[in-house]
Amino acid sequence: MTMPSNIAPSNTVKYTGRGVTSQKDVSVTIAKAAPGHGIVFRIPDRHNSSVSVDIPANTSYVLNTLRNVTLGVGSNRLCIVEHFLAAAALQGLENLLVEVDGMEFPLGDGSAKFWLDLFDDAGWQSPLPAPELVLKETITCKRGDRILMAVPDDDFSLHYMMDWDHPLLGKKWQTWSTKSNVREIG
C-alpha cells in the first residue's frame with residue numbers, strides 16, 4: 001500500500017539514532033506534505049526491503065499499545081511512534097511523510113521534547129487550532145489504578161501524575177495550559 005507523497009522537497013529533516021529494542025541505528029527522514037496528506041510512515045516491506053509500505057498515523061492502524069504504540073499494515077510493523085506523534089501534535093504538524101529505515105523509531109532522549117527541538121531547528125511551527133469542544137460536565141474514565149478526568153474550565157489545561165515503581169521514574173507531576181510553553185510538556 002503506497003500513497004502518493006505530494007511532498008515539498010525543500011522541507012525535510014533527517015535524524016539517525018539508536019533503536020531501543022533493536023540496538024541498531026535507525027534513520028528517519030521527515031518531509032512536510034501537502035494539506036490533507038496526514039502523517040504517513042513509510043517503512044521497508046518486511047519481506048522485500050526494496051519495496052516500501054506506507055502506514056498512516058491513524059487509529060485504524062494501531063496494533064498494540066501495551067508498552068509503546070505499534071502501527072502496522074499486514075505483517076509490517078513500526079513501533080515506538082508515540083513521542084514523535086505527540087511532538088507533531090503539539091507543534092501543529094498534521095501533514096508529514098516520515099520515512100523510517102527500520103521497524104522502530106529511534107528514541108532520542110526518550111521524550112517528545114527531543115522531536116520538538118528537531119522541528120524547531122527546522123523552523124517547523126504551525127499555530128494550534130482553536131478548540132472545538134466545550135465540556136459541560138466532568139467526565140471520568142477509570143481502569144484499574146488509572147484514572148483520566150476531563151473537568152470543565154474556561155481555559156484548556158492538562159494535569160498529569162505518574163507514579164511508577166521504578167527508581168529512574170518514580171513520581172512525576174506535570175501541569176500544562178495554553179499559556180505554557182509547549183516544551184514544558186515534551
# chains A, B, ... in the order shown; residues from 1 in each chain; ligands from 1
call {"tool": "residues_around", "arguments": {"residues": "Asp54 (chain A)", "least_positions_apart": "3", "cutoff": "12 Å", "atoms": "only C-alpha atoms", "output": "PyMOL selection string"}}
result
chain A and resi 1-5+37-45+51+57-58+61+71-74+76-78+96-100
call {"tool": "write_last_selection", "arguments": {"atoms": "C-alpha atoms", "output": "mmCIF file, in the first residue's frame"}}
result
data_model
loop_
_atom_site.group_PDB
_atom_site.id
_atom_site.type_symbol
_atom_site.label_atom_id
_atom_site.label_comp_id
_atom_site.auth_asym_id
_atom_site.auth_seq_id
_atom_site.Cartn_x
_atom_site.Cartn_y
_atom_site.Cartn_z
ATOM 1 C CA MET A 1 0.000 0.000 0.000
ATOM 2 C CA THR A 2 1.848 3.109 -1.192
ATOM 3 C CA MET A 3 0.191 6.505 -1.116
ATOM 4 C CA PRO A 4 1.164 9.488 -3.282
ATOM 5 C CA SER A 5 3.609 11.645 -1.350
ATOM 6 C CA HIS A 37 -1.970 14.076 3.361
ATOM 7 C CA GLY A 38 -1.934 13.393 7.084
ATOM 8 C CA ILE A 39 1.021 11.850 8.859
ATOM 9 C CA VAL A 40 2.179 8.757 6.999
ATOM 10 C CA PHE A 41 5.080 6.500 7.961
ATOM 11 C CA ARG A 42 6.970 4.803 5.115
ATOM 12 C CA ILE A 43 8.980 1.716 6.064
ATOM 13 C CA PRO A 44 10.715 -1.086 4.148
ATOM 14 C CA ASP A 45 8.493 -4.096 3.481
ATOM 15 C CA VAL A 51 9.558 -2.208 -1.612
ATOM 16 C CA ALA A 57 -0.859 7.543 11.640
ATOM 17 C CA ASN A 58 -4.470 6.649 12.185
ATOM 18 C CA TYR A 61 -3.584 1.065 12.034
ATOM 19 C CA LEU A 71 1.276 0.777 13.951
ATOM 20 C CA GLY A 72 1.055 -1.719 11.132
ATOM 21 C CA VAL A 73 -0.228 -2.864 7.781
ATOM 22 C CA GLY A 74 -0.334 -6.604 7.074
ATOM 23 C CA ASN A 76 4.671 -4.819 8.567
ATOM 24 C CA ARG A 77 5.098 -3.007 11.881
ATOM 25 C CA LEU A 78 6.518 0.268 13.171
ATOM 26 C CA LEU A 96 4.146 14.734 7.091
ATOM 27 C CA LEU A 97 5.755 11.864 5.225
ATOM 28 C CA VAL A 98 8.055 10.073 7.656
ATOM 29 C CA GLU A 99 10.476 7.595 6.114
ATOM 30 C CA VAL A 100 11.997 5.169 8.609
#
call {"tool": "select_by_dssp", "arguments": {"residues": "chain A", "states": "strand (DSSP E or B)", "output": "PyMOL selection string"}}
result
chain A and resi 7-18+25-33+39-44+52-56+62-64+70-73+76-79+96-100+104+139-143+146-150+157-163+171-177
call {"tool": "residues_around", "arguments": {"residues": "Glu137 (chain A)", "least_positions_apart": "3", "cutoff": "12 Å", "atoms": "only C-alpha atoms", "output": "compact mmCIF listing (two decimals) with C-alpha atoms, in the first residue's frame"}}
result
# COMPACT_ATOMS: atom_id res chain seq x y z
CA LEU A 133 -15.22 21.10 22.09
CA VAL A 134 -16.97 22.67 25.05
CA THR A 140 -14.17 10.28 34.41
CA MET A 149 -10.69 13.03 34.16
CA ALA A 150 -11.89 15.89 31.99
CA VAL A 151 -13.18 18.85 34.02
CA PRO A 152 -14.92 21.93 32.55
CA ASP A 153 -12.86 25.14 32.71
call {"tool": "select_by_dssp", "arguments": {"residues": "region 67-157 of chain A", "states": "alpha helix (DSSP H)", "output": "list in words"}}
result
Glu82, His83, Phe84, Leu85, Ala86, Ala87, Ala88, Ala89, Leu90, Gln91, Ala112, Lys113, Phe114, Trp115, Leu116, Asp117, Leu118, Phe119, Asp120 and Asp121 of chain A
call {"tool": "closest_residue", "arguments": {"among": "A:Phe105, A:Phe119, A:Asp155, A:Thr70", "to": "Gln23 (chain A)", "atoms": "only C-alpha atoms"}}
result
A:Phe105
call {"tool": "atom_distance", "arguments": {"atom1": "CA of Ala88 (chain A)", "atom2": "CA of Ala112 (chain A)"}}
result
8.7 Å
call {"tool": "residues_around", "arguments": {"residues": "Thr175 (chain A)", "least_positions_apart": "2", "cutoff": "8 Å", "atoms": "only C-alpha atoms", "output": "PDB file with C-alpha atoms, in the first residue's frame"}}
result
ATOM      1  CA  SER A 157      -5.070  22.696  30.791  1.00  0.00           C
ATOM      2  CA  LEU A 158      -3.569  19.285  31.490  1.00  0.00           C
ATOM      3  CA  HIS A 159      -2.511  17.892  34.861  1.00  0.00           C
ATOM      4  CA  TYR A 160      -0.717  14.559  34.901  1.00  0.00           C
ATOM      5  CA  TRP A 173       3.618  15.686  38.380  1.00  0.00           C
ATOM      6  CA  SER A 177      -2.017  25.036  29.880  1.00  0.00           C
ATOM      7  CA  ILE A 185       5.003  19.065  28.335  1.00  0.00           C
TER       8      ILE A 185
END
call {"tool": "closest_residue", "arguments": {"among": "A:Asp154, A:Glu82, A:Lys113, A:Lys24", "to": "Leu135 (chain A)", "atoms": "only C-alpha atoms"}}
result
A:Asp154
call {"tool": "closest_residue", "arguments": {"among": "A:Glu132, A:Glu94, A:Glu104, A:Asp163", "to": "Thr21 (chain A)", "atoms": "only C-alpha atoms"}}
result
A:Glu104
call {"tool": "residues_around", "arguments": {"residues": "Thr16 (chain A)", "least_positions_apart": "5", "cutoff": "8 Å", "atoms": "only C-alpha atoms", "output": "PyMOL selection string"}}
result
chain A and resi 25-28+106
call {"tool": "atom_distance", "arguments": {"atom1": "CA of Ser49 (chain A)", "atom2": "CA of Ala34 (chain A)"}}
result
26.4 Å
call {"tool": "closest_residue", "arguments": {"among": "A:Gln125, A:Ser60, A:Ser180, A:Gln174", "to": "Leu93 (chain A)", "atoms": "only C-alpha atoms"}}
result
A:Gln125
